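Engineer: File follows, entry.cif with mmCIF, C-alpha atoms:
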```cif
data_work
#
loop_
_atom_site.label_atom_id
_atom_site.label_comp_id
_atom_site.auth_asym_id
_atom_site.auth_seq_id
_atom_site.Cartn_x
_atom_site.Cartn_y
_atom_site.Cartn_z
CA MET A 13 0.00 0.00 0.00
CA THR A 14 1.21 3.49 -0.76
CA THR A 15 0.11 7.05 -1.47
CA LEU A 16 -1.23 8.07 -4.86
CA LEU A 17 -0.50 11.50 -6.34
CA LEU A 18 -3.02 12.64 -8.94
CA THR A 19 -2.53 15.70 -11.12
CA HIS A 20 -2.62 16.67 -14.80
CA PRO A 21 -0.79 19.18 -17.03
CA ALA A 22 -4.19 20.62 -18.02
CA CYS A 23 -4.49 22.06 -14.51
CA LEU A 24 -1.63 24.39 -15.45
CA LEU A 25 -3.65 25.74 -18.38
CA HIS A 26 -6.33 27.31 -16.21
CA THR A 27 -5.16 30.91 -15.97
CA ASN A 28 -6.47 33.96 -14.17
CA PRO A 29 -5.89 37.65 -14.94
CA PRO A 30 -2.49 39.10 -13.96
CA SER A 31 -1.92 39.61 -10.21
CA HIS A 32 -4.70 37.12 -9.34
CA PRO A 33 -3.62 35.12 -6.27
CA GLU A 34 -4.87 31.79 -7.67
CA ARG A 35 -2.12 31.48 -10.26
CA VAL A 36 -0.44 28.76 -12.27
CA ASP A 37 2.74 28.98 -10.20
CA ARG A 38 0.86 27.51 -7.24
CA LEU A 39 0.74 24.13 -8.94
CA ARG A 40 4.21 24.49 -10.42
CA VAL A 41 5.84 24.88 -7.01
CA ILE A 42 3.87 21.92 -5.68
CA ASN A 43 4.98 19.78 -8.62
CA ASP A 44 8.56 20.83 -7.98
CA ALA A 45 8.34 20.04 -4.27
CA LEU A 46 6.84 16.60 -4.89
CA SER A 47 9.53 15.83 -7.46
CA GLU A 48 12.22 15.71 -4.76
CA ASN A 49 13.87 12.37 -4.01
CA SER A 50 12.03 12.07 -0.71
CA PHE A 51 8.81 11.62 -2.69
CA ALA A 52 10.17 9.00 -5.08
CA ASP A 53 7.88 6.34 -3.59
CA LEU A 54 4.70 8.19 -4.52
CA LEU A 55 2.54 6.35 -7.02
CA ARG A 56 1.73 8.89 -9.72
CA GLU A 57 -1.18 9.01 -12.17
CA GLU A 58 -2.57 11.62 -14.52
CA ALA A 59 -6.05 12.68 -13.55
CA PRO A 60 -8.73 11.36 -15.90
CA LEU A 61 -11.28 13.65 -17.49
CA ALA A 62 -14.55 13.69 -15.57
CA GLN A 63 -17.83 13.40 -17.42
CA ASP A 64 -20.98 15.50 -17.12
CA ALA A 65 -22.62 12.63 -15.23
CA ASP A 66 -19.97 13.03 -12.55
CA VAL A 67 -20.57 16.77 -12.15
CA LEU A 68 -24.30 16.13 -11.96
CA LEU A 69 -23.79 14.22 -8.72
CA ALA A 70 -23.66 17.62 -7.01
CA HIS A 71 -24.73 20.29 -9.50
CA PRO A 72 -27.92 20.67 -11.58
CA LYS A 73 -27.77 20.26 -15.34
CA THR A 74 -28.67 23.90 -15.94
CA TYR A 75 -25.62 25.02 -13.98
CA VAL A 76 -23.28 22.64 -15.83
CA GLU A 77 -24.61 23.89 -19.15
CA ARG A 78 -24.18 27.51 -18.05
CA ILE A 79 -20.55 26.95 -17.08
CA LYS A 80 -19.77 25.14 -20.33
CA ALA A 81 -21.38 27.92 -22.34
CA ALA A 82 -19.32 30.53 -20.48
CA ALA A 83 -15.97 29.00 -21.48
CA PRO A 84 -14.17 31.64 -23.58
CA HIS A 85 -12.47 31.00 -26.91
CA GLU A 86 -9.85 33.61 -26.01
CA GLY A 87 -8.98 35.80 -23.07
CA TYR A 88 -10.99 35.59 -19.85
CA HIS A 89 -14.62 35.38 -18.83
CA ALA A 90 -15.49 36.62 -15.34
CA LEU A 91 -18.03 34.43 -13.58
CA ASP A 92 -17.87 36.82 -10.64
CA PRO A 93 -15.33 39.47 -9.59
CA ASP A 94 -12.98 36.78 -8.20
CA THR A 95 -13.69 33.75 -10.38
CA HIS A 96 -12.59 33.62 -13.99
CA MET A 97 -12.49 31.19 -16.88
CA SER A 98 -9.75 31.08 -19.52
CA THR A 99 -9.48 28.86 -22.58
CA GLY A 100 -7.96 26.09 -20.45
CA THR A 101 -10.31 26.31 -17.49
CA LEU A 102 -13.01 23.88 -18.51
CA GLU A 103 -10.65 20.95 -19.06
CA ALA A 104 -8.76 21.82 -15.88
CA ALA A 105 -12.00 21.81 -13.90
CA TYR A 106 -13.03 18.44 -15.31
CA ARG A 107 -9.54 17.04 -14.61
CA ALA A 108 -9.79 18.34 -11.05
CA ILE A 109 -13.00 16.42 -10.55
CA GLY A 110 -11.53 13.41 -12.32
CA ALA A 111 -8.60 13.41 -9.91
CA THR A 112 -10.83 13.26 -6.85
CA LEU A 113 -12.96 10.49 -8.33
CA ARG A 114 -9.93 8.43 -9.34
CA GLY A 115 -8.49 8.93 -5.88
CA VAL A 116 -11.69 7.60 -4.33
CA ASP A 117 -11.78 4.66 -6.74
CA GLN A 118 -8.18 3.67 -6.04
CA VAL A 119 -8.46 4.06 -2.28
CA LEU A 120 -11.76 2.21 -2.00
CA GLY A 121 -10.52 -0.44 -4.42
CA GLY A 122 -7.56 -1.14 -2.16
CA ALA A 123 -4.86 -0.21 -4.66
CA VAL A 124 -3.55 2.52 -2.34
CA ARG A 125 -4.15 3.58 1.25
CA ASN A 126 -4.57 7.27 0.56
CA ALA A 127 -4.25 9.88 -2.18
CA PHE A 128 -3.43 13.53 -2.74
CA CYS A 129 -4.92 15.47 -5.66
CA ALA A 130 -2.71 18.36 -6.78
CA ILE A 131 -5.29 20.18 -8.85
CA ARG A 132 -6.73 23.54 -9.73
CA PRO A 133 -9.16 25.23 -9.92
CA PRO A 134 -10.10 24.58 -6.29
CA GLY A 135 -13.67 23.73 -5.37
CA HIS A 136 -14.85 24.30 -1.81
CA HIS A 137 -16.51 27.69 -2.47
CA ALA A 138 -18.60 26.49 -5.44
CA GLU A 139 -22.25 26.15 -4.45
CA ALA A 140 -24.87 24.12 -6.29
CA GLU A 141 -25.59 26.87 -8.81
CA LYS A 142 -23.00 29.51 -8.01
CA PRO A 143 -19.29 29.74 -8.84
CA MET A 144 -17.34 31.86 -6.39
CA GLY A 145 -14.06 32.26 -4.56
CA PHE A 146 -11.90 30.98 -7.48
CA CYS A 147 -14.03 27.79 -7.52
CA ILE A 148 -16.30 26.42 -10.25
CA PHE A 149 -17.35 22.90 -9.25
CA GLY A 150 -17.49 21.25 -5.82
CA ASN A 151 -14.63 18.81 -6.32
CA VAL A 152 -14.70 17.26 -2.85
CA SER A 153 -18.49 17.19 -2.59
CA ILE A 154 -18.70 15.38 -5.92
CA ALA A 155 -16.14 12.86 -4.67
CA ALA A 156 -18.18 12.27 -1.50
CA LYS A 157 -21.35 11.64 -3.46
CA HIS A 158 -19.43 9.38 -5.85
CA ALA A 159 -18.31 7.25 -2.90
CA LEU A 160 -21.85 7.02 -1.60
CA GLU A 161 -23.81 6.55 -4.80
CA ARG A 162 -21.37 4.43 -6.80
CA HIS A 163 -19.35 2.58 -4.20
CA GLY A 164 -22.17 1.92 -1.77
CA LEU A 165 -20.68 3.61 1.28
CA THR A 166 -23.09 4.85 3.92
CA ARG A 167 -20.96 7.41 5.81
CA VAL A 168 -18.36 9.79 4.41
CA ALA A 169 -16.63 12.73 6.12
CA ILE A 170 -15.07 15.90 4.74
CA VAL A 171 -12.59 17.87 6.83
CA ASP A 172 -11.68 21.34 5.54
CA PHE A 173 -8.74 23.20 7.10
CA ASP A 174 -8.51 25.94 4.47
CA VAL A 175 -8.45 29.39 6.10
CA HIS A 176 -11.69 30.32 4.30
CA HIS A 177 -14.97 28.63 5.13
CA GLY A 178 -16.02 25.97 2.63
CA ASN A 179 -19.41 27.51 1.98
CA GLY A 180 -19.81 25.58 -1.26
CA THR A 181 -19.20 22.22 0.37
CA GLN A 182 -21.59 23.15 3.14
CA ASN A 183 -24.22 24.12 0.59
CA LEU A 184 -23.83 20.86 -1.31
CA VAL A 185 -23.95 18.52 1.71
CA TRP A 186 -26.30 20.44 4.03
CA ASP A 187 -29.24 18.06 3.62
CA ASP A 188 -27.29 14.79 3.31
CA PRO A 189 -26.95 13.03 6.70
CA ARG A 190 -24.52 10.54 5.15
CA ILE A 191 -21.91 13.28 4.79
CA PHE A 192 -20.26 14.89 7.82
CA PHE A 193 -18.56 18.21 7.10
CA ALA A 194 -16.19 19.99 9.46
CA SER A 195 -14.44 23.28 8.77
CA THR A 196 -11.89 25.37 10.63
CA HIS A 197 -11.57 28.88 9.22
CA GLN A 198 -10.71 32.45 10.10
CA MET A 199 -13.61 34.74 10.96
CA PRO A 200 -14.24 37.46 10.00
CA LEU A 201 -13.04 36.64 6.51
CA TYR A 202 -14.39 35.81 3.06
CA PRO A 203 -16.98 34.41 2.36
CA GLY A 204 -18.61 35.39 5.67
CA SER A 205 -20.30 32.07 6.36
CA GLY A 206 -19.29 29.30 8.74
CA HIS A 207 -20.72 30.40 12.07
CA ALA A 208 -20.80 27.74 14.76
CA THR A 209 -24.60 27.88 14.64
CA GLU A 210 -24.59 26.53 11.07
CA THR A 211 -24.96 22.82 11.79
CA GLY A 212 -26.64 21.36 8.71
CA GLY A 213 -30.03 19.86 8.07
CA HIS A 214 -29.22 16.80 10.19
CA GLY A 215 -26.61 18.09 12.61
CA ASN A 216 -24.01 16.83 10.14
CA ILE A 217 -21.94 20.03 9.98
CA VAL A 218 -19.44 21.40 12.50
CA ASN A 219 -18.04 24.88 11.92
CA VAL A 220 -15.15 26.16 14.02
CA PRO A 221 -14.52 29.87 13.34
CA LEU A 222 -11.17 31.15 14.60
CA GLU A 223 -10.12 34.73 15.29
CA PRO A 224 -7.27 36.28 13.28
CA GLY A 225 -3.93 35.48 14.89
CA SER A 226 -5.24 32.43 16.72
CA GLY A 227 -2.14 30.40 15.88
CA GLY A 228 -1.46 26.70 16.15
CA ALA A 229 -2.26 26.21 19.83
CA VAL A 230 -5.80 27.53 19.50
CA PHE A 231 -6.29 25.69 16.21
CA ARG A 232 -5.26 22.38 17.77
CA ARG A 233 -7.38 22.89 20.86
CA GLU A 234 -10.49 23.64 18.82
CA VAL A 235 -9.94 20.63 16.56
CA LEU A 236 -9.50 18.35 19.58
CA GLN A 237 -12.54 19.70 21.38
CA ASN A 238 -15.01 20.31 18.58
CA ILE A 239 -14.13 18.40 15.42
CA LEU A 240 -12.50 15.10 16.33
CA PRO A 241 -15.27 13.89 18.71
CA ALA A 242 -17.96 14.65 16.11
CA LEU A 243 -15.88 13.07 13.36
CA ARG A 244 -15.48 9.90 15.38
CA ALA A 245 -19.19 9.88 16.21
CA HIS A 246 -19.95 9.82 12.47
CA ARG A 247 -17.79 6.69 12.05
CA PRO A 248 -16.77 7.56 8.47
CA GLU A 249 -15.92 4.83 6.00
CA LEU A 250 -13.84 7.33 4.00
CA ILE A 251 -12.41 10.73 4.91
CA LEU A 252 -11.93 13.44 2.31
CA ILE A 253 -9.77 16.47 3.05
CA SER A 254 -10.16 19.94 1.61
CA ALA A 255 -6.49 20.76 2.03
CA GLY A 256 -6.09 24.51 1.90
CA PHE A 257 -2.79 25.89 3.15
CA ASP A 258 -3.70 29.59 3.32
CA ALA A 259 -3.96 29.49 7.11
CA HIS A 260 -0.14 29.55 7.08
CA ARG A 261 1.55 32.43 8.85
CA SER A 262 3.12 33.63 5.58
CA ASP A 263 -0.06 33.63 3.51
CA PRO A 264 -1.07 37.07 2.18
CA LEU A 265 -4.85 36.54 2.23
CA ALA A 266 -5.39 35.78 5.91
CA GLN A 267 -3.88 36.03 9.39
CA LEU A 268 -4.51 32.74 11.19
CA GLY A 269 -0.83 31.98 11.78
CA LEU A 270 -0.41 28.22 11.29
CA LEU A 271 2.91 26.54 10.48
CA GLU A 272 3.98 23.33 8.73
CA ALA A 273 3.99 21.57 12.10
CA ASP A 274 0.27 22.30 12.44
CA TYR A 275 -0.45 20.72 9.06
CA ILE A 276 1.55 17.68 10.08
CA TRP A 277 -0.46 17.48 13.28
CA ILE A 278 -3.92 17.81 11.69
CA THR A 279 -3.04 15.32 8.95
CA ASN A 280 -2.01 12.78 11.57
CA GLN A 281 -5.18 13.41 13.57
CA ILE A 282 -7.36 12.82 10.51
CA CYS A 283 -5.41 9.69 9.63
CA ASP A 284 -5.87 8.40 13.18
CA VAL A 285 -9.65 8.59 12.76
CA ALA A 286 -9.39 7.02 9.32
CA ASP A 287 -7.42 4.14 10.84
CA GLU A 288 -10.14 3.64 13.45
CA PHE A 289 -13.15 3.57 11.14
CA ALA A 290 -12.13 3.61 7.47
CA ASN A 291 -9.18 1.25 7.11
CA GLY A 292 -6.99 4.33 6.77
CA ARG A 293 -8.77 5.51 3.63
CA VAL A 294 -8.13 9.21 2.99
CA VAL A 295 -8.33 11.31 -0.18
CA SER A 296 -6.95 14.84 0.11
CA THR A 297 -7.54 17.57 -2.46
CA LEU A 298 -5.80 20.93 -2.84
CA GLU A 299 -7.81 24.04 -2.09
CA GLY A 300 -6.11 27.36 -1.20
CA GLY A 301 -2.61 28.55 -0.34
CA TYR A 302 -1.14 31.67 -1.94
CA ASP A 303 2.37 32.23 -0.59
CA LEU A 304 4.35 30.01 -2.94
CA GLU A 305 7.13 29.03 -0.55
CA ALA A 306 4.74 28.29 2.31
CA LEU A 307 2.41 26.42 -0.02
CA ALA A 308 5.17 24.16 -1.33
CA SER A 309 6.56 23.36 2.11
CA SER A 310 3.11 22.82 3.63
CA VAL A 311 1.98 20.47 0.85
CA ALA A 312 5.26 18.58 1.19
CA ALA A 313 4.69 18.20 4.93
CA HIS A 314 1.09 17.07 4.40
CA VAL A 315 1.95 14.52 1.70
CA ASN A 316 4.88 13.22 3.72
CA VAL A 317 2.47 12.32 6.53
CA LEU A 318 0.14 10.61 4.05
CA MET A 319 3.08 8.56 2.79
CA GLU A 320 4.14 7.62 6.32
CA ARG A 321 0.58 6.58 7.16
CA GLY A 322 0.01 4.83 3.85
CA GLY A 323 3.11 2.68 3.93
#
```
Here is the file; what I need is its structure written in the form of structure tokens.

Structural biologist:
Amino acid sequence: MTTLLLTHPACLLHTNPPSHPERVDRLRVINDALSENSFADLLREEAPLAQDADVLLAHPKTYVERIKAAAPHEGYHALDPDTHMSTGTLEAAYRAIGATLRGVDQVLGGAVRNAFCAIRPPGHHAEAEKPMGFCIFGNVSIAAKHALERHGLTRVAIVDFDVHHGNGTQNLVWDDPRIFFASTHQMPLYPGSGHATETGGHGNIVNVPLEPGSGGAVFRREVLQNILPALRAHRPELILISAGFDAHRSDPLAQLGLLEADYIWITNQICDVADEFANGRVVSTLEGGYDLEALASSVAAHVNVLMERGG
């Protein structure tokens, strides 16, 4: 058993206007970091291209058609002030979904213990019929529904440690008691959702808002007290991670103050629960992270833990 890395060159072809924080170099530095000798044992696959039927697991047909029609033949098309499409975006978005689905298939099929999807565009802000926050489709939510509907699982969990609340994931899983969703995030901060009182249609959501400057000690305490007990109570058969690294102290978009050691810690905590209930099965998918050096080192730390746990 090992760790699977899923990515695709098409994810480099999704471009945003100049000075946009969600830029191609994010994936380039991750690819460089994971090309070091210490990651030689990673099993590597190119992400397959998802199909419309996959996207429809979480989004209505009218929304999928609207996004496909918006794809530009040149330049950029703004879906909202923050979220853009370029000529390469549509394939990148379908590869991003394909990566998460392939990761689920390989983990549930027993070929690997866990997987990391190095993809863009990210997905946790995309709601059922609304692109936002650099996100177009709900990559992780689609993967969760794929595991439930196509693999016959009954309980899946999503843990999101991106510094921004995963409003899209929350929107897509709100009424599904089979999916537990937990999010740590800075508040106040974009997108403004994620209050502790937002608990889902079946008590299946746990939001842990953190004040700016909270740092690793507060982050760890809140995860131990509020997320891990609820995660264990759900007894997930698979854990998906929305792995955003913009809570790092060096990130320009927020001020939460985490370090690589905190990402190592939370990854181990999630893997502990996966070992208890899910035979160690974890699929992690890239979300945010906008300081290139911090992003590369944080992803490397995260994937290193997955490899240690997957061996």

Engineer: Could you pull the residues within 9 Å of Ser296 of chain A, counting all atoms listed in the file, minus those fewer than 2 positions along the same chain, as a ChimeraX atom specification?

Structural biologist: /A:112,115,126-130,152,251-255,294,298

Engineer: Find the residue from A:Ala194, A:Ala242, A:Ile148, A:Ala45 that sits nearest to Leu91 of chain A; use all atoms listed in the file when measuring.

Structural biologist: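 Among A:Ala194, A:Ala242, A:Ile148, A:Ala45, it is A:Ile148 that comes nearest to Leu91 of chain A.
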
Engineer: Ranking A:Val36, A:Ile79, A:Leu16, A:Ala313 by minimum distance to Asp53 of chain A and counting only C-alpha atoms, which one comes first?

Structural biologist: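 Closest candidate: A:Leu16.
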
Engineer: Atom CA of Gly164 of chain A and atom CA of Asn216 of chain A, how far apart in Å?

Structural biologist: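 Separation between atom CA of Asn216 of chain A and atom CA of Gly164 of chain A: 19.2 Å.
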
Engineer: Can you measure atom CA of Val311 of chain A to atom CA of Gly256 of chain A for me? One decimal in Å is fine.

Structural biologist: 9.1 Å

Engineer: Take the PyMOL selection byres ((chain A and resi 203) around 8), run it mentally on this structure, and tell me the resulting residues as a PDB file with C-alpha atoms, in the coordinates of the input.

Structural biologist:
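Once written, result04.pdb looks like this:
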```pdb
ATOM      1  CA  GLY A 145     -14.060  32.260  -4.560  1.00  0.00           C
ATOM      2  CA  HIS A 176     -11.690  30.320   4.300  1.00  0.00           C
ATOM      3  CA  HIS A 177     -14.970  28.630   5.130  1.00  0.00           C
ATOM      4  CA  ASN A 179     -19.410  27.510   1.980  1.00  0.00           C
ATOM      5  CA  LEU A 201     -13.040  36.640   6.510  1.00  0.00           C
ATOM      6  CA  TYR A 202     -14.390  35.810   3.060  1.00  0.00           C
ATOM      7  CA  GLY A 204     -18.610  35.390   5.670  1.00  0.00           C
ATOM      8  CA  SER A 205     -20.300  32.070   6.360  1.00  0.00           C
TER       9      SER A 205
END
```

Engineer: Kindly extract all protein, DNA and RNA residues lying within 8 Å of the coordinates (-19.5, 13.7, 5.1) given in the file, considering all atoms listed in the file, and supply them as an NGL selection string.

Structural biologist: :A and (156 or 167-170 or 185 or 189-193 or 216 or 248 or 251)

Engineer: Separation of atom CA of Cys147 of chain A and atom CA of Glu210 of chain A, in Å?

Structural biologist: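 Atom-to-atom, atom CA of Cys147 of chain A to atom CA of Glu210 of chain A, that is 21.4 Å.
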
Engineer: Which residue is closest to Trp186 of chain A? Choose from A:Ala22, A:Ala312, A:Ala70, A:Ala108 and count only C-alpha atoms.

Structural biologist: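 The closest residue to Trp186 of chain A is A:Ala70.
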
Engineer: Which residue out of A:Leu307, A:Ala138, A:Leu69, A:Ala229 has the minimum interatomic distance to Glu34 of chain A when all atoms listed in the file are used?

Structural biologist: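 Closest residue, counting all atoms listed in the file: A:Leu307.
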
Engineer: When distances are computed from all atoms listed in the file, which of A:Leu17, A:Arg261, A:Gly322, A:Thr166 shows the smallest separation from Asp284 of chain A?

Structural biologist: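 Closest candidate: A:Gly322.
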
Engineer: Counting only C-alpha atoms, which of A:His246, A:His158, A:Arg132, A:His137 gets nearest to Leu184 of chain A?

Structural biologist: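 Of A:His246, A:His158, A:Arg132, A:His137, the one nearest Leu184 of chain A is A:His137, counting only C-alpha atoms.
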
Engineer: Which residues would end up in the selection if the PyMOL selection byres ((chain A and resi 302) around 12) were applied here, given that I need the answer as a PDB file with C-alpha atoms, in the coordinates of the input?

Structural biologist:
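Result file result_31.pdb:
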```pdb
ATOM      1  CA  SER A  31      -1.920  39.610 -10.210  1.00  0.00           C
ATOM      2  CA  HIS A  32      -4.700  37.120  -9.340  1.00  0.00           C
ATOM      3  CA  PRO A  33      -3.620  35.120  -6.270  1.00  0.00           C
ATOM      4  CA  GLU A  34      -4.870  31.790  -7.670  1.00  0.00           C
ATOM      5  CA  ARG A  35      -2.120  31.480 -10.260  1.00  0.00           C
ATOM      6  CA  VAL A  36      -0.440  28.760 -12.270  1.00  0.00           C
ATOM      7  CA  ASP A  37       2.740  28.980 -10.200  1.00  0.00           C
ATOM      8  CA  ARG A  38       0.860  27.510  -7.240  1.00  0.00           C
ATOM      9  CA  LEU A  39       0.740  24.130  -8.940  1.00  0.00           C
ATOM     10  CA  VAL A  41       5.840  24.880  -7.010  1.00  0.00           C
ATOM     11  CA  ILE A  42       3.870  21.920  -5.680  1.00  0.00           C
ATOM     12  CA  ASP A 174      -8.510  25.940   4.470  1.00  0.00           C
ATOM     13  CA  VAL A 175      -8.450  29.390   6.100  1.00  0.00           C
ATOM     14  CA  GLY A 256      -6.090  24.510   1.900  1.00  0.00           C
ATOM     15  CA  PHE A 257      -2.790  25.890   3.150  1.00  0.00           C
ATOM     16  CA  ASP A 258      -3.700  29.590   3.320  1.00  0.00           C
ATOM     17  CA  ALA A 259      -3.960  29.490   7.110  1.00  0.00           C
ATOM     18  CA  HIS A 260      -0.140  29.550   7.080  1.00  0.00           C
ATOM     19  CA  ARG A 261       1.550  32.430   8.850  1.00  0.00           C
ATOM     20  CA  SER A 262       3.120  33.630   5.580  1.00  0.00           C
ATOM     21  CA  ASP A 263      -0.060  33.630   3.510  1.00  0.00           C
ATOM     22  CA  PRO A 264      -1.070  37.070   2.180  1.00  0.00           C
ATOM     23  CA  LEU A 265      -4.850  36.540   2.230  1.00  0.00           C
ATOM     24  CA  ALA A 266      -5.390  35.780   5.910  1.00  0.00           C
ATOM     25  CA  LEU A 298      -5.800  20.930  -2.840  1.00  0.00           C
ATOM     26  CA  GLU A 299      -7.810  24.040  -2.090  1.00  0.00           C
ATOM     27  CA  GLY A 300      -6.110  27.360  -1.200  1.00  0.00           C
ATOM     28  CA  GLY A 301      -2.610  28.550  -0.340  1.00  0.00           C
ATOM     29  CA  ASP A 303       2.370  32.230  -0.590  1.00  0.00           C
ATOM     30  CA  LEU A 304       4.350  30.010  -2.940  1.00  0.00           C
ATOM     31  CA  GLU A 305       7.130  29.030  -0.550  1.00  0.00           C
ATOM     32  CA  ALA A 306       4.740  28.290   2.310  1.00  0.00           C
ATOM     33  CA  LEU A 307       2.410  26.420  -0.020  1.00  0.00           C
ATOM     34  CA  ALA A 308       5.170  24.160  -1.330  1.00  0.00           C
ATOM     35  CA  SER A 310       3.110  22.820   3.630  1.00  0.00           C
ATOM     36  CA  VAL A 311       1.980  20.470   0.850  1.00  0.00           C
TER      37      VAL A 311
END
```

Engineer: From the block you just saw, export segment 170-220 of chain A: C-alpha atoms, as a PDB file, in the first residue's frame.

Structural biologist:
```
ATOM      1  CA  ILE A 170     -15.071  15.898   4.735  1.00  0.00           C
ATOM      2  CA  VAL A 171     -12.586  17.873   6.826  1.00  0.00           C
ATOM      3  CA  ASP A 172     -11.677  21.342   5.540  1.00  0.00           C
ATOM      4  CA  PHE A 173      -8.735  23.203   7.099  1.00  0.00           C
ATOM      5  CA  ASP A 174      -8.509  25.944   4.475  1.00  0.00           C
ATOM      6  CA  VAL A 175      -8.448  29.385   6.097  1.00  0.00           C
ATOM      7  CA  HIS A 176     -11.688  30.321   4.301  1.00  0.00           C
ATOM      8  CA  HIS A 177     -14.966  28.627   5.130  1.00  0.00           C
ATOM      9  CA  GLY A 178     -16.016  25.968   2.631  1.00  0.00           C
ATOM     10  CA  ASN A 179     -19.407  27.508   1.975  1.00  0.00           C
ATOM     11  CA  GLY A 180     -19.806  25.576  -1.261  1.00  0.00           C
ATOM     12  CA  THR A 181     -19.200  22.222   0.368  1.00  0.00           C
ATOM     13  CA  GLN A 182     -21.589  23.154   3.140  1.00  0.00           C
ATOM     14  CA  ASN A 183     -24.219  24.122   0.586  1.00  0.00           C
ATOM     15  CA  LEU A 184     -23.829  20.863  -1.313  1.00  0.00           C
ATOM     16  CA  VAL A 185     -23.951  18.520   1.708  1.00  0.00           C
ATOM     17  CA  TRP A 186     -26.300  20.436   4.028  1.00  0.00           C
ATOM     18  CA  ASP A 187     -29.237  18.058   3.621  1.00  0.00           C
ATOM     19  CA  ASP A 188     -27.290  14.793   3.312  1.00  0.00           C
ATOM     20  CA  PRO A 189     -26.953  13.027   6.699  1.00  0.00           C
ATOM     21  CA  ARG A 190     -24.522  10.536   5.151  1.00  0.00           C
ATOM     22  CA  ILE A 191     -21.907  13.281   4.788  1.00  0.00           C
ATOM     23  CA  PHE A 192     -20.264  14.885   7.816  1.00  0.00           C
ATOM     24  CA  PHE A 193     -18.565  18.206   7.098  1.00  0.00           C
ATOM     25  CA  ALA A 194     -16.194  19.987   9.464  1.00  0.00           C
ATOM     26  CA  SER A 195     -14.440  23.277   8.770  1.00  0.00           C
ATOM     27  CA  THR A 196     -11.888  25.375  10.626  1.00  0.00           C
ATOM     28  CA  HIS A 197     -11.571  28.881   9.225  1.00  0.00           C
ATOM     29  CA  GLN A 198     -10.713  32.446  10.104  1.00  0.00           C
ATOM     30  CA  MET A 199     -13.614  34.736  10.958  1.00  0.00           C
ATOM     31  CA  PRO A 200     -14.239  37.462  10.003  1.00  0.00           C
ATOM     32  CA  LEU A 201     -13.041  36.644   6.505  1.00  0.00           C
ATOM     33  CA  TYR A 202     -14.388  35.811   3.059  1.00  0.00           C
ATOM     34  CA  PRO A 203     -16.981  34.409   2.360  1.00  0.00           C
ATOM     35  CA  GLY A 204     -18.609  35.394   5.673  1.00  0.00           C
ATOM     36  CA  SER A 205     -20.299  32.066   6.359  1.00  0.00           C
ATOM     37  CA  GLY A 206     -19.293  29.305   8.744  1.00  0.00           C
ATOM     38  CA  HIS A 207     -20.720  30.403  12.075  1.00  0.00           C
ATOM     39  CA  ALA A 208     -20.796  27.735  14.757  1.00  0.00           C
ATOM     40  CA  THR A 209     -24.598  27.876  14.636  1.00  0.00           C
ATOM     41  CA  GLU A 210     -24.591  26.527  11.065  1.00  0.00           C
ATOM     42  CA  THR A 211     -24.963  22.820  11.793  1.00  0.00           C
ATOM     43  CA  GLY A 212     -26.635  21.361   8.712  1.00  0.00           C
ATOM     44  CA  GLY A 213     -30.034  19.858   8.072  1.00  0.00           C
ATOM     45  CA  HIS A 214     -29.222  16.802  10.187  1.00  0.00           C
ATOM     46  CA  GLY A 215     -26.605  18.086  12.613  1.00  0.00           C
ATOM     47  CA  ASN A 216     -24.011  16.832  10.140  1.00  0.00           C
ATOM     48  CA  ILE A 217     -21.935  20.028   9.982  1.00  0.00           C
ATOM     49  CA  VAL A 218     -19.439  21.403  12.503  1.00  0.00           C
ATOM     50  CA  ASN A 219     -18.042  24.882  11.921  1.00  0.00           C
ATOM     51  CA  VAL A 220     -15.152  26.160  14.016  1.00  0.00           C
TER      52      VAL A 220
END
```
